[in-house]
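For reference, the structure discussed in these notes is given below.
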Amino acid sequence: MTPVKHIVFDIGQVLIHYEPDAAFRELIPDAAERKWFFDNICTHEWNIEQDRGRKWVDAEALLIADFPDQEDHIRSFRKNWHMMITHSIDGSVTILRQLIADGHDVTMLTNFASDTLREAWERFPFLTESRGVTVSGDIGLIKPDKAIYDHHVAAFELEPAATLFIDDSAKNVAGAKQAGWQSVQFTGPEALKADLNNLGIRV
């Protein structure tokens, strides 16, 4: 196995706890109405799509065109974005920071769109720590797509076989493997430590 020279973390759901319902408990007090809003308008699929390459204003415009009577609530989704995020320093972040402290080249990927990432940087300073941060949304590619891995290989002058890709999605792990990267699925801090140890990386 090729020695690992660069580690790419893409475990945004673990690094940042995202709870869109939180901000809307006051905006839409009725639980059934609130559930309908997220089931039919600001759906998980819509949110993921705009996070990975579409600007908030464009996403809003599409929803407002379909649901003009919900315009205020749709616009509130972005306006109150900061209320939906809580800082979650868990075992995965501890491992990431320890790897950086030990001198490993570590890149942190996030799934935030470029405009909301600016806000995230202000709220979560660890996202700007050394060794580089890049954003899927900034390059207009939606995962899992071999092009996203090829982009990072070029951007960071990586050797795919010498790059370890860590993700909490089996689908993305499979995509990275297809692109020639070494790849492991994050299922918890202890499992990740074991995977890193097996690759000769001590944490």
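Lettering and numbering for the structure tokens are positional, with chains as A, B, ... in the shown order, residues counted from 1 in each chain, and ligands counted from 1 in the shown order.
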
Counting only C-alpha atoms, what is within 10 Å of Pro3 (chain A), bar same-chain residues fewer than 6 positions away, as a JSON list (two decimals) with N, CA, C and O atoms, in the first residue's frame?
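Dumped everything to result06.json:
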[["chain", "number", "residue", "atom", "x", "y", "z"],
["A", 161, "ALA", "N", -3.12, 7.83, -5.07],
["A", 161, "ALA", "CA", -2.88, 6.61, -4.31],
["A", 161, "ALA", "C", -2.28, 6.90, -2.94],
["A", 161, "ALA", "O", -2.35, 6.08, -2.04],
["A", 162, "ALA", "N", -1.68, 8.09, -2.79],
["A", 162, "ALA", "CA", -1.04, 8.45, -1.53],
["A", 162, "ALA", "C", -1.91, 9.38, -0.69],
["A", 162, "ALA", "O", -1.46, 9.95, 0.28],
["A", 163, "THR", "N", -3.17, 9.51, -1.10],
["A", 163, "THR", "CA", -4.12, 10.38, -0.40],
["A", 163, "THR", "C", -5.17, 9.53, 0.29],
["A", 163, "THR", "O", -5.76, 8.64, -0.32],
["A", 164, "LEU", "N", -5.40, 9.81, 1.56],
["A", 164, "LEU", "CA", -6.42, 9.09, 2.32],
["A", 164, "LEU", "C", -7.66, 9.96, 2.41],
["A", 164, "LEU", "O", -7.61, 11.08, 2.92],
["A", 182, "GLN", "N", -6.96, 6.15, -1.73],
["A", 182, "GLN", "CA", -7.20, 5.32, -0.56],
["A", 182, "GLN", "C", -8.35, 5.98, 0.21],
["A", 182, "GLN", "O", -8.43, 7.20, 0.28],
["A", 199, "LEU", "N", -2.99, 2.13, 8.78],
["A", 199, "LEU", "CA", -2.29, 2.78, 7.66],
["A", 199, "LEU", "C", -0.96, 3.36, 8.09],
["A", 199, "LEU", "O", -0.29, 4.05, 7.32],
["A", 200, "GLY", "N", -0.58, 3.13, 9.34],
["A", 200, "GLY", "CA", 0.70, 3.62, 9.84],
["A", 200, "GLY", "C", 0.67, 5.06, 10.30],
["A", 200, "GLY", "O", 1.72, 5.70, 10.46],
["A", 201, "ILE", "N", -0.54, 5.59, 10.52],
["A", 201, "ILE", "CA", -0.69, 6.98, 10.98],
["A", 201, "ILE", "C", -1.13, 6.97, 12.43],
["A", 201, "ILE", "O", -2.21, 6.47, 12.76]]

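The shortest atom-to-atom distance to Pro189 (chain A), with only C-alpha atoms taken into account, belongs to A:Val93 out of A:Ile7, A:Val173, A:Leu62, A:Val93.
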
Give me, as an mmCIF file with N, CA and C atoms, in the first residue's frame, all polymer residues having an atom no more than 7 Å from Asp167 (chain A), counting only C-alpha atoms and skipping those fewer than 6 positions away in the same chain.
data_model
loop_
_atom_site.group_PDB
_atom_site.id
_atom_site.type_symbol
_atom_site.label_atom_id
_atom_site.label_comp_id
_atom_site.auth_asym_id
_atom_site.auth_seq_id
_atom_site.Cartn_x
_atom_site.Cartn_y
_atom_site.Cartn_z
ATOM 1 N N PHE A 9 -10.408 15.112 4.935
ATOM 2 C CA PHE A 9 -11.601 14.877 5.752
ATOM 3 C C PHE A 9 -12.818 15.436 5.027
ATOM 4 N N ASP A 10 -13.841 14.632 4.890
ATOM 5 C CA ASP A 10 -15.121 15.153 4.424
ATOM 6 C C ASP A 10 -16.196 14.551 5.310
ATOM 7 N N ILE A 11 -16.327 15.078 6.502
ATOM 8 C CA ILE A 11 -17.272 14.539 7.482
ATOM 9 C C ILE A 11 -18.073 15.681 8.091
ATOM 10 N N VAL A 173 -17.183 7.431 -0.246
ATOM 11 C CA VAL A 173 -15.987 6.605 -0.086
ATOM 12 C C VAL A 173 -15.779 5.759 -1.344
ATOM 13 N N VAL A 184 -11.422 5.545 3.545
ATOM 14 C CA VAL A 184 -12.048 4.839 4.661
ATOM 15 C C VAL A 184 -13.318 5.575 5.057
ATOM 16 N N GLN A 185 -14.287 4.827 5.570
ATOM 17 C CA GLN A 185 -15.542 5.434 5.999
ATOM 18 C C GLN A 185 -15.479 5.738 7.491
ATOM 19 N N PHE A 186 -15.836 6.967 7.833
ATOM 20 C CA PHE A 186 -15.854 7.375 9.234
ATOM 21 C C PHE A 186 -17.126 6.863 9.889
#

Separation of CA of Ile166 (chain A) from CA of Gln178 (chain A), in Å and rounded to one decimal
14.2 Å

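Minimum distance to Arg78 (chain A) across A:Thr128, A:Asn47, A:Ser169, A:Thr187 (counting only C-alpha atoms) occurs at A:Asn47.
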
Taking only region 162-200 of chain A into account, list the residues labelled strand (DSSP E or B) by DSSP (computed from the backbone), as a PyMOL selection string.
chain A and resi 163-167+182-185

Can you write out the residues you just picked, keeping N, CA and C atoms, as an mmCIF file, in the first residue's frame?
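Saved to part19.cif:
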data_model
loop_
_atom_site.group_PDB
_atom_site.id
_atom_site.type_symbol
_atom_site.label_atom_id
_atom_site.label_comp_id
_atom_site.auth_asym_id
_atom_site.auth_seq_id
_atom_site.Cartn_x
_atom_site.Cartn_y
_atom_site.Cartn_z
ATOM 1 N N THR A 163 -3.173 9.512 -1.101
ATOM 2 C CA THR A 163 -4.117 10.379 -0.401
ATOM 3 C C THR A 163 -5.170 9.530 0.289
ATOM 4 N N LEU A 164 -5.396 9.806 1.561
ATOM 5 C CA LEU A 164 -6.419 9.088 2.316
ATOM 6 C C LEU A 164 -7.662 9.960 2.413
ATOM 7 N N PHE A 165 -8.783 9.445 1.930
ATOM 8 C CA PHE A 165 -10.043 10.166 1.936
ATOM 9 C C PHE A 165 -10.931 9.588 3.036
ATOM 10 N N ILE A 166 -11.426 10.435 3.931
ATOM 11 C CA ILE A 166 -12.248 10.006 5.066
ATOM 12 C C ILE A 166 -13.626 10.647 4.937
ATOM 13 N N ASP A 167 -14.666 9.844 4.907
ATOM 14 C CA ASP A 167 -16.018 10.364 4.720
ATOM 15 C C ASP A 167 -16.995 9.532 5.529
ATOM 16 N N GLN A 182 -6.960 6.146 -1.730
ATOM 17 C CA GLN A 182 -7.195 5.316 -0.563
ATOM 18 C C GLN A 182 -8.346 5.975 0.206
ATOM 19 N N SER A 183 -9.226 5.175 0.762
ATOM 20 C CA SER A 183 -10.424 5.766 1.340
ATOM 21 C C SER A 183 -10.970 4.905 2.464
ATOM 22 N N VAL A 184 -11.422 5.545 3.545
ATOM 23 C CA VAL A 184 -12.048 4.839 4.661
ATOM 24 C C VAL A 184 -13.318 5.575 5.057
ATOM 25 N N GLN A 185 -14.287 4.827 5.570
ATOM 26 C CA GLN A 185 -15.542 5.434 5.999
ATOM 27 C C GLN A 185 -15.479 5.738 7.491
#

Just give me the gap between CA of Ala22 (chain A) and CA of Met84 (chain A) in Å, one decimal is fine.
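Straight-line distance from CA of Ala22 (chain A) to CA of Met84 (chain A) works out to 5.8 Å.
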
Point-to-point distance from CA of Asn198 (chain A) to CA of Val4 (chain A), Å rounded to tenths
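It comes out at 11.2 Å.
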
Distance query region 156-158 of chain A at most 9 Å, only C-alpha atoms, self and fewer than 5 positions along chain excluded, as an NGL selection string:
:A and (5-6 or 151 or 163)

Just the selected residues (N, CA, C and O atoms), exported as a PDB file, in the first residue's frame, please.
ATOM      1  N   LYS A   5       0.299  10.427   2.222  1.00  0.00           N
ATOM      2  CA  LYS A   5       0.995  11.700   2.309  1.00  0.00           C
ATOM      3  C   LYS A   5       0.044  12.863   2.557  1.00  0.00           C
ATOM      4  O   LYS A   5       0.465  13.952   2.932  1.00  0.00           O
ATOM      5  N   HIS A   6      -1.237  12.647   2.314  1.00  0.00           N
ATOM      6  CA  HIS A   6      -2.219  13.714   2.482  1.00  0.00           C
ATOM      7  C   HIS A   6      -3.524  13.087   2.944  1.00  0.00           C
ATOM      8  O   HIS A   6      -3.909  12.029   2.459  1.00  0.00           O
ATOM      9  N   HIS A 151     -10.334  17.302  -9.178  1.00  0.00           N
ATOM     10  CA  HIS A 151     -10.084  18.717  -8.877  1.00  0.00           C
ATOM     11  C   HIS A 151      -9.140  18.860  -7.686  1.00  0.00           C
ATOM     12  O   HIS A 151      -8.198  19.652  -7.727  1.00  0.00           O
ATOM     13  N   THR A 163      -3.173   9.512  -1.101  1.00  0.00           N
ATOM     14  CA  THR A 163      -4.117  10.379  -0.401  1.00  0.00           C
ATOM     15  C   THR A 163      -5.170   9.530   0.289  1.00  0.00           C
ATOM     16  O   THR A 163      -5.763   8.645  -0.319  1.00  0.00           O
TER      17      THR A 163
END
